[in-house]
file my_file.txt (compact mmCIF, C-alpha atoms and all ligand atoms)
# COMPACT_ATOMS: atom_id res chain seq x y z
CA MET A 1 34.14 9.35 -18.74
CA LYS A 2 32.27 12.63 -18.85
CA ILE A 3 28.50 12.83 -19.27
CA VAL A 4 26.64 16.07 -19.83
CA THR A 5 23.03 15.70 -18.66
CA ILE A 6 20.47 18.13 -20.06
CA ILE A 7 17.34 18.74 -18.01
CA GLY A 8 14.84 21.56 -17.78
CA ALA A 9 11.35 20.43 -16.79
CA ARG A 10 9.78 18.95 -13.65
CA PRO A 11 9.49 15.32 -14.80
CA GLN A 12 13.10 15.43 -15.99
CA PHE A 13 14.32 16.44 -12.54
CA ILE A 14 12.63 13.37 -11.07
CA LYS A 15 14.03 11.00 -13.71
CA ALA A 16 17.53 12.50 -13.60
CA ALA A 17 17.58 12.36 -9.78
CA THR A 18 17.35 8.58 -9.98
CA VAL A 19 20.11 8.19 -12.57
CA SER A 20 22.35 10.82 -10.96
CA ARG A 21 22.12 9.03 -7.64
CA VAL A 22 23.40 5.82 -9.24
CA ILE A 23 26.26 7.72 -10.88
CA ARG A 24 27.28 9.30 -7.56
CA ASP A 25 26.81 6.15 -5.44
CA ARG A 26 28.29 3.52 -7.72
CA TYR A 27 30.37 5.21 -10.41
CA ALA A 28 31.89 8.24 -8.68
CA ASP A 29 35.41 7.14 -9.69
CA LYS A 30 34.44 6.42 -13.30
CA ILE A 31 31.91 9.02 -14.36
CA ASP A 32 31.96 12.79 -14.10
CA GLU A 33 28.41 14.10 -14.61
CA VAL A 34 27.93 17.73 -15.61
CA LEU A 35 24.33 18.85 -15.06
CA VAL A 36 22.87 21.47 -17.35
CA HIS A 37 19.53 23.06 -16.41
CA THR A 38 18.06 24.81 -19.43
CA GLY A 39 15.72 26.88 -17.24
CA GLN A 40 12.55 25.67 -19.04
CA HIS A 41 10.81 25.29 -15.66
CA TYR A 42 12.08 28.01 -13.35
CA ASP A 43 9.50 28.67 -10.60
CA ASP A 44 10.77 27.51 -7.21
CA ASN A 45 7.90 25.04 -6.91
CA MET A 46 8.48 23.61 -10.40
CA SER A 47 12.27 23.44 -10.11
CA LYS A 48 14.24 24.36 -6.95
CA VAL A 49 12.08 22.28 -4.62
CA PHE A 50 12.88 19.16 -6.68
CA PHE A 51 16.63 19.77 -6.53
CA ASP A 52 16.42 20.21 -2.76
CA GLU A 53 14.06 17.34 -2.00
CA LEU A 54 15.48 14.79 -4.41
CA ASN A 55 19.07 15.64 -3.57
CA ILE A 56 20.05 16.54 -7.11
CA PRO A 57 23.44 18.28 -7.26
CA ARG A 58 23.35 21.96 -8.17
CA PRO A 59 23.50 22.27 -11.95
CA CYS A 60 26.92 23.32 -13.26
CA TYR A 61 25.12 25.47 -15.82
CA ASN A 62 21.75 27.20 -15.65
CA LEU A 63 20.93 28.54 -19.09
CA GLU A 64 17.87 30.45 -17.80
CA ILE A 65 15.90 29.93 -21.00
CA SER A 66 12.15 29.77 -20.60
CA GLY A 67 8.98 31.08 -22.20
CA GLY A 68 8.42 32.15 -25.76
CA ASN A 69 7.08 30.06 -28.59
CA HIS A 70 8.49 26.60 -29.19
CA GLY A 71 10.83 27.84 -31.93
CA VAL A 72 12.21 30.66 -29.84
CA MET A 73 12.72 28.50 -26.77
CA THR A 74 14.24 25.55 -28.61
CA GLY A 75 16.43 27.78 -30.78
CA ARG A 76 17.87 29.64 -27.81
CA MET A 77 18.50 26.37 -26.00
CA LEU A 78 20.22 24.89 -29.04
CA GLU A 79 22.65 27.78 -29.19
CA SER A 80 23.42 27.74 -25.47
CA VAL A 81 23.69 23.96 -25.13
CA GLU A 82 26.08 23.91 -28.09
CA SER A 83 28.46 26.31 -26.37
CA VAL A 84 28.35 24.22 -23.17
CA LEU A 85 29.16 21.09 -25.17
CA LEU A 86 32.02 22.79 -27.01
CA GLN A 87 33.48 23.76 -23.66
CA GLU A 88 32.86 20.49 -21.80
CA LYS A 89 33.62 18.03 -24.64
CA PRO A 90 31.70 15.14 -23.04
CA ASP A 91 31.77 11.48 -24.07
CA TRP A 92 27.96 11.31 -23.85
CA VAL A 93 25.03 13.67 -23.73
CA LEU A 94 22.21 12.28 -21.62
CA ILE A 95 18.68 13.49 -22.35
CA TYR A 96 15.31 12.62 -20.82
CA GLY A 97 11.75 12.42 -22.07
CA ASP A 98 10.16 14.71 -24.61
CA THR A 99 10.48 18.41 -23.84
CA ASN A 100 12.07 21.24 -25.80
CA SER A 101 15.14 20.77 -23.58
CA THR A 102 15.32 17.14 -24.78
CA LEU A 103 15.23 18.14 -28.42
CA ALA A 104 17.72 20.99 -28.05
CA GLY A 105 20.16 18.70 -26.20
CA ALA A 106 19.80 15.97 -28.82
CA LEU A 107 20.30 18.29 -31.79
CA ALA A 108 23.21 20.22 -30.32
CA ALA A 109 25.06 17.02 -29.46
CA ALA A 110 24.33 15.17 -32.69
CA LYS A 111 25.61 18.07 -34.81
CA LEU A 112 28.84 18.04 -32.80
CA HIS A 113 29.09 14.23 -33.27
CA ILE A 114 28.76 13.63 -29.55
CA PRO A 115 26.79 10.42 -28.89
CA VAL A 116 23.35 10.94 -27.36
CA ALA A 117 21.70 8.63 -24.84
CA HIS A 118 17.93 9.05 -24.56
CA VAL A 119 16.17 7.92 -21.42
CA GLU A 120 12.48 7.18 -22.12
CA ALA A 121 13.06 6.41 -25.79
CA GLY A 122 10.43 4.85 -28.04
CA LEU A 123 7.29 6.30 -26.48
CA ARG A 124 4.68 7.26 -29.03
CA SER A 125 1.22 8.76 -28.87
CA PHE A 126 0.95 8.76 -32.70
CA ASN A 127 -0.41 12.27 -32.42
CA MET A 128 1.88 14.64 -34.27
CA ARG A 129 -0.01 17.66 -32.96
CA MET A 130 1.64 17.09 -29.58
CA PRO A 131 4.90 19.00 -29.20
CA GLU A 132 6.13 16.09 -27.07
CA GLU A 133 5.63 13.61 -29.93
CA ILE A 134 7.71 15.74 -32.30
CA ASN A 135 10.44 16.14 -29.69
CA ARG A 136 10.72 12.45 -28.88
CA ILE A 137 10.66 11.21 -32.49
CA LEU A 138 13.45 13.60 -33.47
CA ALA A 139 15.45 12.90 -30.32
CA ASP A 140 15.22 9.14 -30.88
CA ARG A 141 16.32 9.49 -34.47
CA VAL A 142 19.65 11.08 -33.53
CA SER A 143 20.32 9.03 -30.39
CA THR A 144 23.03 6.39 -30.19
CA LYS A 145 21.63 4.68 -27.12
CA LEU A 146 17.88 4.43 -26.73
CA PHE A 147 16.79 3.39 -23.26
CA CYS A 148 13.18 2.22 -23.52
CA PRO A 149 10.97 2.01 -20.43
CA THR A 150 8.82 -0.80 -21.87
CA GLU A 151 8.71 -3.51 -24.51
CA ALA A 152 6.02 -1.53 -26.36
CA ALA A 153 8.54 1.31 -26.74
CA VAL A 154 11.10 -1.13 -28.21
CA VAL A 155 8.47 -2.28 -30.72
CA ASN A 156 7.65 1.35 -31.65
CA LEU A 157 11.32 1.96 -32.45
CA GLN A 158 11.54 -1.25 -34.49
CA ALA A 159 8.61 -0.03 -36.57
CA GLU A 160 10.65 3.10 -37.36
CA GLY A 161 13.69 1.01 -38.29
CA LEU A 162 15.57 1.81 -35.07
CA THR A 163 17.12 -1.31 -33.56
CA ARG A 164 20.79 -0.46 -32.90
CA GLY A 165 21.57 0.71 -29.39
CA VAL A 166 18.02 0.00 -28.23
CA HIS A 167 17.67 -1.42 -24.70
CA ASN A 168 14.60 -2.19 -22.63
CA SER A 169 16.05 -0.76 -19.43
CA GLY A 170 12.75 -0.48 -17.58
CA ASP A 171 11.32 2.82 -16.42
CA VAL A 172 13.33 5.13 -14.15
CA MET A 173 9.99 6.46 -12.86
CA TYR A 174 9.33 3.03 -11.37
CA ASP A 175 12.73 3.19 -9.64
CA ALA A 176 11.67 6.60 -8.28
CA ALA A 177 8.28 5.27 -7.10
CA LEU A 178 9.94 2.46 -5.15
CA PHE A 179 12.56 4.78 -3.69
CA TYR A 180 10.23 7.56 -2.57
CA ARG A 181 6.95 5.85 -1.67
CA GLU A 182 7.72 5.16 2.01
CA LYS A 183 9.68 8.39 2.42
CA ALA A 184 6.65 10.29 1.15
CA LYS A 185 4.32 8.52 3.57
CA SER A 186 6.52 9.25 6.56
CA GLN A 187 7.71 12.75 5.67
CA SER A 188 4.77 14.46 3.98
CA THR A 189 2.13 16.25 6.02
CA SER A 190 0.03 17.13 2.99
CA LEU A 191 -3.01 15.07 4.04
CA GLU A 192 -3.36 17.08 7.26
CA GLU A 193 -2.38 20.30 5.56
CA TYR A 194 -5.23 20.04 3.07
CA GLY A 195 -7.69 18.51 5.57
CA LEU A 196 -7.97 15.21 3.67
CA THR A 197 -8.83 11.71 4.82
CA LYS A 198 -7.09 8.73 3.25
CA SER A 199 -9.18 7.11 0.49
CA GLU A 200 -11.76 9.87 0.62
CA PHE A 201 -10.61 12.34 -1.99
CA ALA A 202 -9.72 12.64 -5.65
CA LEU A 203 -6.41 14.04 -6.88
CA ALA A 204 -6.42 15.85 -10.22
CA THR A 205 -3.80 17.39 -12.50
CA CYS A 206 -4.13 19.00 -15.92
CA HIS A 207 -1.35 20.63 -17.91
CA ARG A 208 -1.07 19.16 -21.44
CA ALA A 209 -1.24 21.85 -24.12
CA GLU A 210 -3.99 19.94 -25.95
CA ASN A 211 -6.20 20.55 -22.88
CA THR A 212 -4.95 23.86 -21.52
CA ASP A 213 -4.77 25.66 -24.86
CA ASP A 214 -8.31 24.76 -25.91
CA PRO A 215 -10.95 26.67 -23.91
CA GLU A 216 -13.67 24.16 -24.77
CA ARG A 217 -11.68 21.13 -23.64
CA LEU A 218 -10.42 22.88 -20.53
CA GLY A 219 -13.95 24.05 -19.72
CA ARG A 220 -15.36 20.50 -19.99
CA ILE A 221 -12.60 19.09 -17.79
CA VAL A 222 -12.93 21.79 -15.14
CA ASN A 223 -16.69 21.35 -15.17
CA ALA A 224 -16.18 17.65 -14.37
CA PHE A 225 -13.76 18.49 -11.53
CA GLY A 226 -16.31 20.94 -10.10
CA SER A 227 -19.08 18.29 -10.24
CA ILE A 228 -16.94 15.62 -8.59
CA ALA A 229 -16.04 18.09 -5.84
CA LYS A 230 -19.72 18.14 -4.87
CA THR A 231 -19.40 14.48 -3.83
CA ILE A 232 -15.83 14.13 -2.53
CA PRO A 233 -12.96 16.59 -2.00
CA VAL A 234 -10.92 17.15 -5.15
CA VAL A 235 -7.34 18.45 -4.84
CA LEU A 236 -5.91 20.15 -7.91
CA PRO A 237 -2.24 21.14 -7.79
CA LEU A 238 -2.25 23.67 -10.55
CA HIS A 239 0.47 23.91 -13.19
CA PRO A 240 1.37 27.57 -13.92
CA ARG A 241 0.20 27.26 -17.55
CA THR A 242 -3.20 25.91 -16.51
CA ARG A 243 -3.60 28.62 -13.88
CA LYS A 244 -2.99 31.29 -16.49
CA GLN A 245 -5.35 29.75 -19.05
CA LEU A 246 -8.17 29.31 -16.51
CA VAL A 247 -7.98 33.02 -15.77
CA ASP A 248 -7.62 34.04 -19.42
CA TYR A 249 -10.63 31.90 -20.47
CA GLY A 250 -12.70 32.99 -17.45
CA LEU A 251 -13.15 29.40 -16.22
CA THR A 252 -12.10 29.69 -12.59
CA ASP A 253 -15.66 29.85 -11.22
CA MET A 254 -16.41 26.42 -12.68
CA LEU A 255 -13.96 24.91 -10.21
CA GLY A 256 -16.52 25.35 -7.42
CA SER A 257 -15.21 23.76 -4.23
CA VAL A 258 -12.14 22.11 -5.83
CA LYS A 259 -9.12 22.62 -3.54
CA VAL A 260 -6.67 24.39 -5.79
CA THR A 261 -3.03 24.35 -4.65
CA GLU A 262 0.29 25.49 -6.02
CA PRO A 263 2.29 22.74 -7.78
CA LEU A 264 3.26 20.32 -5.01
CA PRO A 265 6.72 19.23 -3.97
CA PHE A 266 7.33 15.66 -5.13
CA LEU A 267 7.00 13.92 -1.75
CA ASP A 268 3.68 15.66 -1.06
CA MET A 269 2.45 14.66 -4.50
CA VAL A 270 3.48 11.04 -3.98
CA ALA A 271 1.84 10.99 -0.54
CA LEU A 272 -1.43 12.30 -1.97
CA GLU A 273 -1.29 9.92 -4.93
CA GLN A 274 -0.97 6.93 -2.62
CA ALA A 275 -3.83 8.09 -0.42
CA ALA A 276 -6.28 9.14 -3.16
CA THR A 277 -9.46 7.23 -4.03
CA VAL A 278 -8.98 8.07 -7.67
CA ILE A 279 -6.59 10.14 -9.78
CA LEU A 280 -7.70 12.24 -12.76
CA THR A 281 -4.85 13.43 -14.94
CA ASP A 282 -3.39 14.18 -18.35
CA SER A 283 0.18 13.76 -17.07
CA GLY A 284 2.31 10.87 -18.29
CA GLY A 285 4.16 10.50 -15.01
CA VAL A 286 1.05 10.72 -12.86
CA GLN A 287 -0.75 8.02 -14.91
CA LYS A 288 2.09 5.65 -14.16
CA GLU A 289 2.41 6.61 -10.52
CA ALA A 290 -1.31 5.84 -10.12
CA PHE A 291 -0.56 2.44 -11.64
CA PHE A 292 2.48 1.82 -9.40
CA TYR A 293 0.46 2.67 -6.29
CA GLY A 294 -2.59 0.66 -7.39
CA VAL A 295 -4.88 3.72 -7.49
CA PRO A 296 -7.55 3.84 -10.25
CA CYS A 297 -6.73 6.46 -12.86
CA ILE A 298 -8.90 8.44 -15.28
CA THR A 299 -6.86 9.89 -18.11
CA LEU A 300 -8.07 13.16 -19.64
CA ARG A 301 -6.61 12.52 -23.06
CA ASP A 302 -7.60 10.87 -26.34
CA GLU A 303 -4.53 8.64 -26.42
CA THR A 304 -1.69 7.66 -24.11
CA GLU A 305 1.88 6.52 -24.56
CA TRP A 306 1.53 4.31 -21.48
CA VAL A 307 -0.61 1.68 -23.16
CA GLU A 308 0.13 -0.97 -20.52
CA THR A 309 -1.84 0.95 -17.90
CA ILE A 310 -4.90 0.74 -20.16
CA SER A 311 -4.61 -2.90 -21.16
CA THR A 312 -4.40 -3.96 -17.50
CA GLY A 313 -7.63 -2.04 -16.80
CA ALA A 314 -5.93 0.21 -14.22
CA ASN A 315 -6.39 3.35 -16.30
CA LEU A 316 -9.44 4.60 -18.20
CA LEU A 317 -8.80 6.79 -21.22
CA VAL A 318 -11.75 9.15 -21.40
CA GLY A 319 -10.73 12.32 -23.25
CA SER A 320 -12.26 15.60 -22.22
CA SER A 321 -16.04 15.05 -22.29
CA THR A 322 -17.60 16.04 -18.96
CA SER A 323 -20.09 13.17 -19.06
CA ALA A 324 -17.39 10.61 -19.93
CA ILE A 325 -15.23 11.83 -17.05
CA LEU A 326 -18.15 11.66 -14.62
CA ALA A 327 -19.18 8.20 -15.85
CA ALA A 328 -15.60 6.96 -15.41
CA PHE A 329 -15.51 8.49 -11.93
CA ASP A 330 -18.73 6.65 -10.94
CA ASP A 331 -17.26 3.49 -12.38
CA VAL A 332 -13.93 3.54 -10.52
CA ALA A 333 -14.64 5.47 -7.34
CA GLY A 334 -15.96 2.45 -5.49
CA LYS A 335 -13.40 0.00 -6.89
CA ALA A 336 -10.88 -1.73 -4.66
CA ARG A 337 -7.24 -0.86 -5.13
CA GLN A 338 -5.22 -3.15 -7.34
CA VAL A 339 -2.26 -4.89 -5.80
CA ILE A 340 0.59 -4.58 -8.26
CA ARG A 341 2.75 -7.68 -8.24
CA GLU A 342 4.52 -7.36 -11.55
CA THR A 343 4.86 -4.30 -13.74
CA PRO A 344 5.68 -3.98 -17.42
CA TYR A 345 8.02 -1.16 -16.32
CA GLY A 346 10.97 -3.27 -15.21
CA ALA A 347 12.17 -4.34 -11.81
CA GLY A 348 13.00 -0.96 -10.29
CA ASP A 349 16.65 -1.03 -11.40
CA ALA A 350 16.36 0.90 -14.66
CA ALA A 351 18.83 3.59 -13.59
CA GLY A 352 21.41 0.94 -12.64
CA LYS A 353 21.07 -0.71 -16.04
CA ILE A 354 21.31 2.60 -17.91
CA VAL A 355 24.45 3.78 -16.13
CA SER A 356 26.12 0.39 -16.39
CA LEU A 357 25.52 0.27 -20.16
CA LEU A 358 26.88 3.80 -20.54
CA ALA A 359 29.91 3.10 -18.33
CA GLU A 360 30.79 -0.08 -20.18
CA ASN A 361 29.93 1.57 -23.47
CA LYS A 362 28.00 -1.51 -24.56
CA SER A 363 25.98 -0.99 -27.71
N1 LIG A 401 4.30 16.20 -9.79
C1 LIG A 401 4.69 16.85 -8.63
N2 LIG A 401 3.90 17.88 -8.19
C2 LIG A 401 2.77 18.27 -8.83
C3 LIG A 401 2.39 17.59 -10.01
C4 LIG A 401 3.18 16.57 -10.48
O1 LIG A 401 5.68 16.50 -8.00
O2 LIG A 401 2.11 19.21 -8.36
C5 LIG A 401 5.14 15.10 -10.28
C6 LIG A 401 4.40 13.81 -10.48
O3 LIG A 401 4.32 13.08 -9.29
C7 LIG A 401 5.22 13.12 -11.56
C8 LIG A 401 5.76 14.27 -12.36
O4 LIG A 401 5.63 15.44 -11.56
O5 LIG A 401 6.31 12.42 -11.01
C9 LIG A 401 4.98 14.42 -13.62
O6 LIG A 401 5.32 15.60 -14.24
P1 LIG A 401 4.34 16.35 -15.23
O7 LIG A 401 2.96 15.94 -14.96
O8 LIG A 401 4.71 17.79 -15.14
O9 LIG A 401 4.86 15.87 -16.66
P2 LIG A 401 4.61 14.58 -17.55
O10 LIG A 401 4.87 13.37 -16.72
O11 LIG A 401 3.22 14.66 -18.07
O12 LIG A 401 5.61 14.72 -18.66
call {"tool": "encode", "arguments": {"input": "my_file.txt", "output": "structure tokens", "more": "lines below"}}
Ligand code: UDP
result
Amino acid sequence: MKIVTIIGARPQFIKAATVSRVIRDRYADKIDEVLVHTGQHYDDNMSKVFFDELNIPRPCYNLEISGGNHGVMTGRMLESVESVLLQEKPDWVLIYGDTNSTLAGALAAAKLHIPVAHVEAGLRSFNMRMPEEINRILADRVSTKLFCPTEAAVVNLQAEGLTRGVHNSGDVMYDAALFYREKAKSQSTSLEEYGLTKSEFALATCHRAENTDDPERLGRIVNAFGSIAKTIPVVLPLHPRTRKQLVDYGLTDMLGSVKVTEPLPFLDMVALEQAATVILTDSGGVQKEAFFYGVPCITLRDETEWVETISTGANLLVGSSTSAILAAFDDVAGKARQVIRETPYGAGDAAGKIVSLLAENKS
């Protein structure tokens, strides 16, 4: 069986690493995986470092498509992915998450009548202004197998009339958290590198378009980071888009003593997440990693797809108001860590389930 896997963005490298490892370790004689990197994320520290660190095989194709408006990027990817699929003639196209690479892979395959398997199906923010929401709804609609990370995602699909081929596989990000947590602790030197003491700093990320492309929202968030940095160190690994917007909007001074870094390699990020007092983020993956590691999380968005983190009280959804962020920080900073005994994200064997269902072609 041949699977073409389409990836292009940082969180997809992490998810695909977990599934690819299962294919190589347990199904090497049955499954031939052809990796296609669209090029959506191309900086070394947003792409190459993940391939090296997470042991992802070199992509067979790098389409080198990045930048431009959504239409330009997705259109170019659609054309290039189609020619790869015509050449490779796979039995399945495997797509991840909710980026333009996900949508291009789904559309190219569906039009060629190649079945699509979507990992992280069924997530919804119910905010159609998010490019991610558009990408995942359309990708789900044309997928043959829909691997949901949670029961809530299964219910979302049911509400849209999608029930065939839907599986609650659990979340591959939980597999990744279990696999890399100890490795990160033993291998990363990021705490020393950034002069941090365990449980005495905040870790922040911000990259969602709804925040970075709105100077008012970004200003309020950065203002909150700057204020928190007056009380404890704040580390902010900066996404390239956010870095650009901060400069363009003239907001860099508001960061004050925030420790701004380049985007971190995954193991350094995981090491800092586990050691942080609190995490402030608008990232989907980081919200969940905070949950997996029992670290209180403040989410800088108006809604989240990861509703389970909210209902358990582990994550506070605060939006972008400076005062709301600071109030949430005061609220959680002194709180004890939660010990996670059971998660709604499966048992850490999501990748195994996904590959086994694909290999056996069970619907
Ligand atoms: N991440 C990383 N380095 C960073 C920031 C994030 O390795 O500097 C990891 C993070 O641990 C998580 C994933 O990237 O596993 C999340 O990706 P991102 O926030 O880009 O996307 P999202 O999850 O919001 O789709």
call {"tool": "residues_around", "arguments": {"input": "my_file.txt", "residues": "Thr144 of chain A", "least_positions_apart": "3", "cutoff": "8 Å", "atoms": "only C-alpha atoms", "output": "MDAnalysis selection string"}}
result
chainID A and resid 115:117 164:165
call {"tool": "closest_atom_pairs", "arguments": {"input": "my_file.txt", "of": "chain A", "to": "ligand LIG 401 (chain A)", "cutoff": "6 Å", "atoms": "all atoms listed in the file", "output": "tab-separated table"}}
result
residue	atom	partner	partner_atom	distance
A:Arg10	CA	A:LIG401	O8	5.4
A:Pro11	CA	A:LIG401	O6	4.2
A:Pro237	CA	A:LIG401	O2	4.8
A:Pro263	CA	A:LIG401	O2	3.6
A:Leu264	CA	A:LIG401	O2	3.7
A:Pro265	CA	A:LIG401	O1	5.0
A:Phe266	CA	A:LIG401	O1	3.4
A:Met269	CA	A:LIG401	O1	5.1
A:Val270	CA	A:LIG401	O3	5.8
A:Ser283	CA	A:LIG401	O11	3.3
A:Gly284	CA	A:LIG401	O11	3.9
A:Gly285	CA	A:LIG401	O10	3.4
A:Val286	CA	A:LIG401	C7	5.0
call {"tool": "residues_around", "arguments": {"input": "my_file.txt", "residues": "Cys206 of chain A", "least_positions_apart": "4", "cutoff": "12 Å", "atoms": "only C-alpha atoms", "output": "number ranges by chain"}}
result
A: 210-213, 217-219, 221-222, 225, 235-243, 245-246, 260, 263, 279-287, 298-301, 319-320
call {"tool": "residues_around", "arguments": {"input": "my_file.txt", "residues": "Phe201 of chain A", "least_positions_apart": "4", "cutoff": "9 Å", "atoms": "all atoms listed in the file", "output": "PyMOL selection string"}}
result
chain A and resi 196-197+229+232-235+275-278
call {"tool": "closest_residue", "arguments": {"input": "my_file.txt", "among": "A:Gln274, A:Asn315, A:Ser321, A:Asn168", "to": "Asn223 of chain A", "atoms": "all atoms listed in the file"}}
result
A:Ser321
call {"tool": "residues_around", "arguments": {"input": "my_file.txt", "residues": "Pro296 of chain A", "least_positions_apart": "5", "cutoff": "12 Å", "atoms": "all atoms listed in the file", "output": "ChimeraX atom specification"}}
result
/A:199,202-203,273-281,286-291,309-310,312-317,328-340
call {"tool": "atom_distance", "arguments": {"input": "my_file.txt", "atom1": "atom CA of Lys2 of chain A", "atom2": "atom CA of Tyr61 of chain A"}}
result
15.0 Å
call {"tool": "residues_around", "arguments": {"input": "my_file.txt", "residues": "Phe147 of chain A", "least_positions_apart": "5", "cutoff": "9 Å", "atoms": "only C-alpha atoms", "output": "list in words"}}
result
Ala117, His118, Val119, Glu120, Ala121, Gly122, Val154, Gly165, Val166, His167, Asn168, Ser169, Gly170, Asp171, Ala350 and Ile354 of chain A
call {"tool": "atom_distance", "arguments": {"input": "my_file.txt", "atom1": "atom CA of Gly67 of chain A", "atom2": "atom CA of Gln40 of chain A"}}
result
7.2 Å
call {"tool": "closest_residue", "arguments": {"input": "my_file.txt", "among": "A:Gly250, A:Gly105, A:Gly97, A:Pro215", "to": "Glu82 of chain A", "atoms": "all atoms listed in the file"}}
result
A:Gly105
call {"tool": "closest_residue", "arguments": {"input": "my_file.txt", "among": "A:Leu162, A:Ala109, A:Ala327, A:Ala104", "to": "His70 of chain A", "atoms": "only C-alpha atoms"}}
result
A:Ala104
call {"tool": "atom_distance", "arguments": {"input": "my_file.txt", "atom1": "atom CA of Asp302 of chain A", "atom2": "atom CA of Arg220 of chain A"}}
result
13.9 Å
call {"tool": "closest_residue", "arguments": {"input": "my_file.txt", "among": "A:Phe126, A:Phe50, A:Phe292, A:Tyr174", "to": "Arg341 of chain A", "atoms": "only C-alpha atoms"}}
result
A:Phe292
call {"tool": "build_atoms", "arguments": {"input": "my_file.txt", "residues": "segment 174-189 of chain A", "atoms": "N, CA and C atoms", "output": "mmCIF file, in the coordinates of the input"}}
result
data_model
loop_
_atom_site.group_PDB
_atom_site.id
_atom_site.type_symbol
_atom_site.label_atom_id
_atom_site.label_comp_id
_atom_site.auth_asym_id
_atom_site.auth_seq_id
_atom_site.Cartn_x
_atom_site.Cartn_y
_atom_site.Cartn_z
ATOM 1 N N TYR A 174 9.670 4.118 -12.300
ATOM 2 C CA TYR A 174 9.330 3.030 -11.370
ATOM 3 C C TYR A 174 10.393 2.945 -10.269
ATOM 4 N N ASP A 175 11.654 3.125 -10.650
ATOM 5 C CA ASP A 175 12.730 3.190 -9.640
ATOM 6 C C ASP A 175 12.375 4.278 -8.620
ATOM 7 N N ALA A 176 11.966 5.455 -9.152
ATOM 8 C CA ALA A 176 11.670 6.600 -8.280
ATOM 9 C C ALA A 176 10.490 6.270 -7.356
ATOM 10 N N ALA A 177 9.469 5.602 -7.911
ATOM 11 C CA ALA A 177 8.280 5.270 -7.100
ATOM 12 C C ALA A 177 8.680 4.359 -5.936
ATOM 13 N N LEU A 178 9.533 3.377 -6.227
ATOM 14 C CA LEU A 178 9.940 2.460 -5.150
ATOM 15 C C LEU A 178 10.792 3.174 -4.110
ATOM 16 N N PHE A 179 11.630 4.094 -4.592
ATOM 17 C CA PHE A 179 12.560 4.780 -3.690
ATOM 18 C C PHE A 179 11.848 5.774 -2.777
ATOM 19 N N TYR A 180 10.814 6.451 -3.327
ATOM 20 C CA TYR A 180 10.230 7.560 -2.570
ATOM 21 C C TYR A 180 8.900 7.235 -1.892
ATOM 22 N N ARG A 181 8.319 6.067 -2.164
ATOM 23 C CA ARG A 181 6.950 5.850 -1.670
ATOM 24 C C ARG A 181 6.869 5.883 -0.141
ATOM 25 N N GLU A 182 7.783 5.191 0.535
ATOM 26 C CA GLU A 182 7.720 5.160 2.010
ATOM 27 C C GLU A 182 8.165 6.499 2.598
ATOM 28 N N LYS A 183 9.214 7.065 1.990
ATOM 29 C CA LYS A 183 9.680 8.390 2.420
ATOM 30 C C LYS A 183 8.543 9.398 2.385
ATOM 31 N N ALA A 184 7.760 9.343 1.309
ATOM 32 C CA ALA A 184 6.650 10.290 1.150
ATOM 33 C C ALA A 184 5.631 10.084 2.257
ATOM 34 N N LYS A 185 5.326 8.804 2.532
ATOM 35 C CA LYS A 185 4.320 8.520 3.570
ATOM 36 C C LYS A 185 4.790 9.048 4.917
ATOM 37 N N SER A 186 6.067 8.858 5.222
ATOM 38 C CA SER A 186 6.520 9.250 6.560
ATOM 39 C C SER A 186 6.839 10.750 6.659
ATOM 40 N N GLN A 187 7.256 11.352 5.562
ATOM 41 C CA GLN A 187 7.710 12.750 5.670
ATOM 42 C C GLN A 187 6.654 13.802 5.306
ATOM 43 N N SER A 188 5.709 13.431 4.445
ATOM 44 C CA SER A 188 4.770 14.460 3.980
ATOM 45 C C SER A 188 3.641 14.678 4.982
ATOM 46 N N THR A 189 3.270 15.941 5.133
ATOM 47 C CA THR A 189 2.130 16.250 6.020
ATOM 48 C C THR A 189 0.968 16.796 5.177
#
